[in-house]
Structures are given as structure tokens and as C-alpha cells.
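Heads up, the thing below is written out as C-alpha cells.
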Amino acid sequence: MTDLALADLSALTREYSAHNYHPLPVVAATAEGVWVTDTEGKRYLDMLAGYSALNFGHRHPRLIAAAMRQLERVTLVSRAFDHDQFGPFCAELAELCGMEMVLPMNTGAEAVETAIKVARKWGYVTRGVPADQAIIVVFDGNFHGRTTTIVSFSSDPDARADFGPYTPGFVSVPYGDLPALLEVFGRFGSRVVGVLVEPIQGEAGVVVPPPGFLAGVRSLCTSAGALMIADEIQSGLGRVGSTFACEADGVTPDAYLLGKALGGGIVPVSAMVSSRSVLGVLRPGQHGSTFGGNPLACAVAREVIAMLRTGEYQTRSAALGTVLHEGLGSLPASAVTSVTGRGLWAGVTFASLDGRAVCERLASLGVLAKETHGTTIRLAPPLVITEDELAWGLERFSEALLAA
């Protein structure tokens, strides 16, 4: 709690915070479910949900209760020794994913970095790839995080420019282009140890690949003996109407990368989940994290997994996703050039409107959303949103466009 006025709080942010983000002029004070209240008492419908970190809404009672129970017991022991939440968390997440082993970390970027290290080591140890020659294929328009290694294969100049020298060992091809991927396999042969793919590209504007693309990636990886690594940090855990976005294409990758919603909107939790033959290449001391798999994180994530097991949230996302996309599809064609996405996840691209300006108008009308790449905004309401709340948000969206 603070007695400072909204303007004073915003001024402190501008003066003392490095400018890595460009936040909307909203200062949250409290939140519950799908609603956020600012320091002056104005309420907002959260249609962003922390980029899918808040799939279960703000302060979900089950998740808060799980956190409180653990806060009264033990919160951190590091991985110097085990705790009573760790083994059950790993077993339950592996079962949810249909996999065998789990390596917990904290942030999504750490999960991606883990996958890069594991895929390379797996290639060297199990496939005999010559030292320092491993290749990982990625896709144009990707967003996997902002570490120096990850931005080395980003095609976003804002994320990449002026952060070199860049890490080698990555080849990028157009998203959805199977012939281009096949050409890379032909050019580099057994040096290709993995293909890192978002089943739906989030930062690019919630871009769904063409039919058959993910199945084609799976087939090419299987034929070449390379790992298909699915970054489901935003798309996974119920967001698109199924537990994982890969399910819609009938595809099972060799590894899932998870994060965001896994922490229930309370603590950062991420993980690489894969087979014993892949994650088993690591030996003690070769990779780690002080906070990765800590007791508080595991307790909250276990409750997330239990909630997902019911299928309720996946069903809600699928049903309400139809409402969301039908509502967005009825917006004036003169203003909106495309609506993409699946489930409760959508990208809306405008013909000429500035995405930032639309988001600012939405905020003034009581709806939170965020732009990406100029003329596109992303919508990802919590999976606990009601149909009435969703309809209210869509009405405000129409108002914002009429005011443009």
C-alpha cells in the first residue's frame, strides 16, 4: 500500500526505472479474478492476463490458498537438498505432459536457455555431432526471451540491435515454411540437433501456422533424428482450448517448454519437460538454478496442474474462444485487416490504426490490452472470464475503434 497519487507513482517509474518497457498509463493497486483496480479506484477488465501468466485470473482462491499453506512451512532451500514438494511436482508435471522428466527453472527465457543447452549436449553425447558444430533451427518472427543467446536468433530489431556479438549455432527460416526447413536439414545434415518452434507465435501477433505445418516439423525431426522442441510458454496450459497448442495438430514434441501460467500468476515457474533419454544427458553441476524448483513455486505449480487435470479451463477457453473470435470477426473490415489466434488468444491487426493508440483508448474505457509491432494488439483474457464479461470487453473494443 502507498499514499502516493497515481501521477507521483508514474513519475517515480519514469525517473528511476530503466526504460525496458513502455507501460500504459495504468498503476494497479489491487486485482481479483479478471478485474484490476488502479490507485484511484478505477476498474479495468484485464484482457492481457500477464501475457498468459494469469490464465487463472488474479489471486485465484485455490492458488492463493496453496501459496499460503506453503508460506507457513518452507519457501526456499535451494537445490542443495530436496524438499517434500519437489518430487511430486516433477512427477505430476511429467504426467500432465506425457513425458518422463522435468527440469524446473524460473522464467520462460531460462526454460529456453535450458533447452538450448540440453539439445546441444544431447547432440554431442548421443549423436556424435562434432564439438561446437550443433545447429538449432528457429523461425522468423519468433519470441523466446531476451537473453543474449536468445536475441542472437531474433528477427525483431528492437530485441536484437546493439546487443552483439551474437551467439552462433542457429539458423532461422520463415515460419510455416516446410520446404525451407527441409533445405536446412539437407544443408547441415546430422549437425541439426533440434528445431525450436512456437506452435502459435505470440509476440508476432498470435500467428497460427498453416495446416499441417507442425505435423511436418514433427515428421522432418523424426526422419532426421533431431529434437522437436515446442515453446508452449504462452500457448500452453489451457490458453488455446487444449492443454497444449500442439494437441490441436495431433503432434507430440520431444520436449515442452513451459512457464508463465505454471506459476499461477503468483511466482515465476518454468520448466523443460522431456524424455529420460534427452534430459538424462545432464549430470550434477552441469546446469542449475538457485530458485528453480523451490518449495513455494512447486506448491503453487502443483495446484495449477491439479486444476488443469479437470479439463474445465481447457473447455472454457475453447467455448469462450469461439465467442471472442466471432466478436472480433464482426469488427469493421475497414478498420481490421485480420484476426488470428485460437481459443482465448487473439491478435487483431488494423489497416491503419496505431496499436498503441487503440490500447490507450481501451484503457480509458476500462479494458487492458497491449500492442505488438505497431498495428497489431494481443488479447488474452484469463480463462476464468465469464461470457458476460467477455461481451462487455468486446463492446468496449468496438467503442475504441469508433473513437479512432
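Please note that chains go A, B, ... in the order of the C-alpha cells, that every chain numbers its residues from 1, and that ligands are numbered from 1 in the order shown.
For Leu4 in chain A, the list of residues within 12 Å, based on only C-alpha atoms and with local chain neighbours fewer than 5 positions off taken out, reads Leu9, Ser10, Ala11, Leu12, Val27, Ala29, Thr39 and Glu40 of chain A.
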Selection from above, all heavy atoms, as an mmCIF file, in the first residue's frame, can you write it?
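The file below, again_15.cif, is the result:
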```cif
data_model
loop_
_atom_site.group_PDB
_atom_site.id
_atom_site.type_symbol
_atom_site.label_atom_id
_atom_site.label_comp_id
_atom_site.auth_asym_id
_atom_site.auth_seq_id
_atom_site.Cartn_x
_atom_site.Cartn_y
_atom_site.Cartn_z
ATOM 1 N N LEU A 9 3.341 8.214 -8.578
ATOM 2 C CA LEU A 9 3.858 6.860 -8.796
ATOM 3 C C LEU A 9 4.403 6.708 -10.211
ATOM 4 O O LEU A 9 5.468 6.117 -10.427
ATOM 5 C CB LEU A 9 2.749 5.839 -8.542
ATOM 6 C CG LEU A 9 2.303 5.706 -7.077
ATOM 7 C CD1 LEU A 9 1.003 4.925 -6.996
ATOM 8 C CD2 LEU A 9 3.382 5.034 -6.245
ATOM 9 N N SER A 10 3.672 7.244 -11.183
ATOM 10 C CA SER A 10 4.143 7.185 -12.570
ATOM 11 C C SER A 10 5.435 7.974 -12.742
ATOM 12 O O SER A 10 6.343 7.559 -13.484
ATOM 13 C CB SER A 10 3.065 7.733 -13.510
ATOM 14 O OG SER A 10 1.909 6.921 -13.478
ATOM 15 N N ALA A 11 5.539 9.095 -12.042
ATOM 16 C CA ALA A 11 6.750 9.912 -12.131
ATOM 17 C C ALA A 11 7.954 9.160 -11.570
ATOM 18 O O ALA A 11 9.065 9.239 -12.123
ATOM 19 C CB ALA A 11 6.543 11.223 -11.387
ATOM 20 N N LEU A 12 7.757 8.427 -10.475
ATOM 21 C CA LEU A 12 8.850 7.638 -9.906
ATOM 22 C C LEU A 12 9.316 6.569 -10.886
ATOM 23 O O LEU A 12 10.516 6.334 -11.042
ATOM 24 C CB LEU A 12 8.392 6.987 -8.601
ATOM 25 C CG LEU A 12 8.256 7.908 -7.384
ATOM 26 C CD1 LEU A 12 7.623 7.144 -6.224
ATOM 27 C CD2 LEU A 12 9.607 8.476 -6.973
ATOM 28 N N VAL A 27 -1.766 2.313 -13.151
ATOM 29 C CA VAL A 27 -0.984 1.884 -11.990
ATOM 30 C C VAL A 27 -1.892 1.004 -11.130
ATOM 31 O O VAL A 27 -2.773 1.495 -10.429
ATOM 32 C CB VAL A 27 -0.461 3.075 -11.173
ATOM 33 C CG1 VAL A 27 0.356 2.571 -9.976
ATOM 34 C CG2 VAL A 27 0.412 3.988 -12.049
ATOM 35 N N ALA A 29 -3.362 -1.284 -8.229
ATOM 36 C CA ALA A 29 -3.266 -1.322 -6.767
ATOM 37 C C ALA A 29 -3.796 -2.639 -6.213
ATOM 38 O O ALA A 29 -3.218 -3.211 -5.292
ATOM 39 C CB ALA A 29 -4.024 -0.151 -6.147
ATOM 40 N N THR A 39 -4.885 2.890 -8.540
ATOM 41 C CA THR A 39 -4.722 3.595 -7.268
ATOM 42 C C THR A 39 -5.792 4.648 -7.026
ATOM 43 O O THR A 39 -5.922 5.146 -5.906
ATOM 44 C CB THR A 39 -3.339 4.274 -7.221
ATOM 45 O OG1 THR A 39 -3.182 5.095 -8.384
ATOM 46 C CG2 THR A 39 -2.231 3.237 -7.193
ATOM 47 N N GLU A 40 -6.557 4.966 -8.068
ATOM 48 C CA GLU A 40 -7.637 5.948 -7.905
ATOM 49 C C GLU A 40 -9.015 5.293 -7.889
ATOM 50 O O GLU A 40 -10.041 5.969 -7.942
ATOM 51 C CB GLU A 40 -7.552 6.996 -9.025
ATOM 52 C CG GLU A 40 -6.279 7.837 -8.947
ATOM 53 C CD GLU A 40 -6.210 8.900 -10.023
ATOM 54 O OE1 GLU A 40 -6.941 8.789 -11.031
ATOM 55 O OE2 GLU A 40 -5.415 9.846 -9.855
#
```
Checklist line | For Arg309 in chain A: contacts at 10 Å, only C-alpha atoms, fewer than 6 positions along chain excluded, given as an MDAnalysis selection string | finding: chainID A and resid 92 96 243 303
Write the residues of the preceding selection, restricted to C-alpha atoms, as a compact mmCIF listing (two decimals), in the first residue's frame.
```txt
# COMPACT_ATOMS: atom_id res chain seq x y z
CA GLU A 92 2.73 -34.57 -11.75
CA LEU A 96 0.40 -33.91 -17.47
CA THR A 243 -3.70 -28.25 -22.54
CA GLU A 303 -2.19 -26.70 -7.69
```
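Here the question is which of A:Pro199, A:Gly189, A:Pro295, A:Pro165 gets nearest to Ala66 in chain A using only C-alpha atoms, and that residue is A:Pro295.
Going from CA of Arg361 in chain A to CA of Ala400 in chain A covers 5.6 Å.
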Item checked: DSSP-assigned helix (DSSP H, G or I) members of range 169-235 of chain A, reported as a PyMOL selection string -> chain A and resi 178-191+213-224
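Candidate residues A:Thr147, A:Ser289, A:Asn55, A:Thr222 were compared for distance to Trp345 in chain A, and the nearest is A:Asn55, using only C-alpha atoms.
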Next item on the list: Just the residues within 9 Å of Gly355 in chain A, please, counting only C-alpha atoms, with nothing from its chain fewer than 4 positions along; format it as a PyMOL selection string.
Entry: chain A and resi 349-350+359-360+370-377
Next item on the list: Determine which residues of range 134-290 of chain A DSSP labels as strand (DSSP E or B) from the backbone of this structure, then write them out as a ChimeraX atom specification.
Entry: /A:135-139,170-173,192-197,201,207,227-231,255-258,270-274
Writing out the chosen residues with N, CA, C and O atoms as a CSV table (one decimal), in the first residue's frame:
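Once written, result08.csv looks like this:
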```
chain,number,residue,atom,x,y,z
A,135,ILE,N,23.6,-27.3,-34.6
A,135,ILE,CA,22.8,-26.3,-35.2
A,135,ILE,C,21.3,-26.5,-34.6
A,135,ILE,O,20.8,-27.6,-34.5
A,136,ILE,N,20.7,-25.4,-34.2
A,136,ILE,CA,19.3,-25.4,-33.8
A,136,ILE,C,18.6,-24.5,-34.8
A,136,ILE,O,19.0,-23.4,-35.0
A,137,VAL,N,17.5,-25.0,-35.3
A,137,VAL,CA,16.7,-24.3,-36.3
A,137,VAL,C,15.6,-23.5,-35.5
A,137,VAL,O,14.9,-24.1,-34.7
A,138,VAL,N,15.4,-22.3,-35.9
A,138,VAL,CA,14.4,-21.4,-35.3
A,138,VAL,C,13.6,-20.8,-36.5
A,138,VAL,O,13.9,-21.1,-37.6
A,139,PHE,N,12.6,-19.9,-36.1
A,139,PHE,CA,11.7,-19.4,-37.1
A,139,PHE,C,11.7,-17.9,-37.1
A,139,PHE,O,11.7,-17.3,-36.0
A,170,PHE,N,22.7,-21.1,-34.8
A,170,PHE,CA,21.2,-21.0,-35.1
A,170,PHE,C,21.0,-20.7,-36.5
A,170,PHE,O,21.7,-19.8,-37.1
A,171,VAL,N,20.0,-21.3,-37.1
A,171,VAL,CA,19.6,-21.0,-38.5
A,171,VAL,C,18.1,-20.7,-38.4
A,171,VAL,O,17.3,-21.5,-37.9
A,172,SER,N,17.7,-19.5,-39.0
A,172,SER,CA,16.3,-19.1,-38.9
A,172,SER,C,15.7,-19.3,-40.3
A,172,SER,O,16.3,-18.9,-41.3
A,173,VAL,N,14.4,-19.8,-40.4
A,173,VAL,CA,13.7,-20.0,-41.6
A,173,VAL,C,12.3,-19.3,-41.4
A,173,VAL,O,11.9,-19.1,-40.3
A,192,VAL,N,22.1,-30.7,-37.3
A,192,VAL,CA,20.9,-30.2,-36.8
A,192,VAL,C,20.4,-31.1,-35.6
A,192,VAL,O,20.0,-32.2,-35.8
A,193,VAL,N,20.5,-30.5,-34.4
A,193,VAL,CA,20.2,-31.3,-33.2
A,193,VAL,C,18.7,-31.0,-32.7
A,193,VAL,O,18.2,-31.8,-32.0
A,194,GLY,N,18.2,-29.9,-33.2
A,194,GLY,CA,16.8,-29.5,-32.7
A,194,GLY,C,16.2,-28.5,-33.6
A,194,GLY,O,16.8,-27.7,-34.2
A,195,VAL,N,14.8,-28.4,-33.5
A,195,VAL,CA,14.0,-27.4,-34.1
A,195,VAL,C,13.2,-26.8,-32.9
A,195,VAL,O,12.4,-27.5,-32.3
A,196,LEU,N,13.4,-25.5,-32.7
A,196,LEU,CA,12.7,-24.8,-31.6
A,196,LEU,C,11.6,-24.0,-32.2
A,196,LEU,O,11.8,-23.1,-33.1
A,197,VAL,N,10.3,-24.3,-31.9
A,197,VAL,CA,9.2,-23.8,-32.5
A,197,VAL,C,8.1,-23.4,-31.5
A,197,VAL,O,7.8,-24.1,-30.6
A,201,GLN,N,2.8,-18.4,-32.7
A,201,GLN,CA,3.7,-17.3,-32.4
A,201,GLN,C,3.0,-16.2,-31.6
A,201,GLN,O,2.1,-15.6,-32.2
A,207,VAL,N,0.1,-15.6,-34.2
A,207,VAL,CA,0.1,-16.2,-35.6
A,207,VAL,C,0.0,-17.7,-35.5
A,207,VAL,O,0.8,-18.4,-35.0
A,227,LEU,N,15.6,-33.1,-32.4
A,227,LEU,CA,14.5,-32.9,-31.4
A,227,LEU,C,13.6,-31.8,-31.8
A,227,LEU,O,14.0,-30.8,-32.3
A,228,MET,N,12.3,-32.1,-31.7
A,228,MET,CA,11.3,-31.0,-31.9
A,228,MET,C,11.0,-30.5,-30.5
A,228,MET,O,10.5,-31.2,-29.6
A,229,ILE,N,11.3,-29.2,-30.3
A,229,ILE,CA,11.2,-28.5,-29.0
A,229,ILE,C,10.1,-27.5,-29.1
A,229,ILE,O,10.2,-26.5,-29.9
A,230,ALA,N,9.0,-27.7,-28.4
A,230,ALA,CA,7.8,-26.8,-28.5
A,230,ALA,C,7.8,-25.8,-27.4
A,230,ALA,O,7.7,-26.2,-26.2
A,231,ASP,N,8.0,-24.5,-27.7
A,231,ASP,CA,7.9,-23.5,-26.8
A,231,ASP,C,6.4,-23.1,-26.5
A,231,ASP,O,5.8,-22.4,-27.3
A,255,ALA,N,10.0,-32.3,-26.5
A,255,ALA,CA,10.2,-31.5,-25.3
A,255,ALA,C,9.2,-30.4,-25.3
A,255,ALA,O,8.9,-29.7,-26.3
A,256,TYR,N,8.6,-30.1,-24.1
A,256,TYR,CA,7.8,-28.9,-23.9
A,256,TYR,C,8.6,-27.9,-23.1
A,256,TYR,O,9.2,-28.3,-22.1
A,257,LEU,N,8.5,-26.7,-23.5
A,257,LEU,CA,9.0,-25.6,-22.6
A,257,LEU,C,7.8,-24.8,-22.1
A,257,LEU,O,6.9,-24.4,-22.8
A,258,LEU,N,7.7,-24.8,-20.7
A,258,LEU,CA,6.5,-24.2,-20.1
A,258,LEU,C,6.9,-23.1,-19.1
A,258,LEU,O,8.1,-23.1,-18.7
A,270,SER,N,9.1,-22.1,-14.4
A,270,SER,CA,9.2,-22.6,-15.7
A,270,SER,C,9.8,-24.0,-15.7
A,270,SER,O,10.3,-24.4,-14.7
A,271,ALA,N,9.8,-24.6,-16.8
A,271,ALA,CA,10.3,-26.0,-16.9
A,271,ALA,C,10.5,-26.5,-18.3
A,271,ALA,O,9.8,-26.0,-19.2
A,272,MET,N,11.5,-27.3,-18.4
A,272,MET,CA,11.7,-28.1,-19.6
A,272,MET,C,11.2,-29.5,-19.3
A,272,MET,O,11.6,-30.1,-18.2
A,273,VAL,N,10.3,-30.1,-20.1
A,273,VAL,CA,9.8,-31.4,-19.8
A,273,VAL,C,10.0,-32.3,-21.0
A,273,VAL,O,9.7,-31.9,-22.1
A,274,SER,N,10.7,-33.4,-20.8
A,274,SER,CA,11.1,-34.2,-21.9
A,274,SER,C,11.2,-35.7,-21.5
A,274,SER,O,10.8,-36.1,-20.4
```
Checklist line | 12 Å contact set for Ser364 in chain A, only C-alpha atoms, chain neighbours under 4 positions out, as an NGL selection string | finding: :A and (24-26 or 42-45 or 357-360 or 368-369 or 396-397 or 399-400 or 403)
Next item on the list: Go through A:Ala7, A:Val269, A:Ile385, A:Val339 one by one, measure the shortest atom-to-atom distance of each to Gly205 in chain A using only C-alpha atoms, and give the residue with the smallest value.
Entry: A:Val339
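Within 9 Å of Glu113 in chain A, once only C-alpha atoms are used and residues closer than 5 positions along the same chain are dropped, the contacting residues are Gly108, Val118, Thr147, Thr149 and Ile150 of chain A.
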Check: For Thr114 in chain A, which residue among A:Asn294, A:Ser242, A:Thr310, A:Gln286 is the nearest when counting only C-alpha atoms?
Finding: A:Gln286
Note to self: I want to know what sits within 8 Å of Thr252 in chain A, based on only C-alpha atoms, with residues of the same chain fewer than 3 positions away left out; could you give that as a PyMOL selection string?
What the structure shows: chain A and resi 218+246-247
Checklist line | Nearest-residue call for Gly176 in chain A, choices A:Ala261, A:Leu214, A:Ala31, A:Met307, using only C-alpha atoms | finding: A:Leu214
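Counting only C-alpha atoms and comparing A:Leu76, A:Tyr16, A:His287, A:Arg59, the residue that lies closest to Val34 in chain A is A:Arg59.
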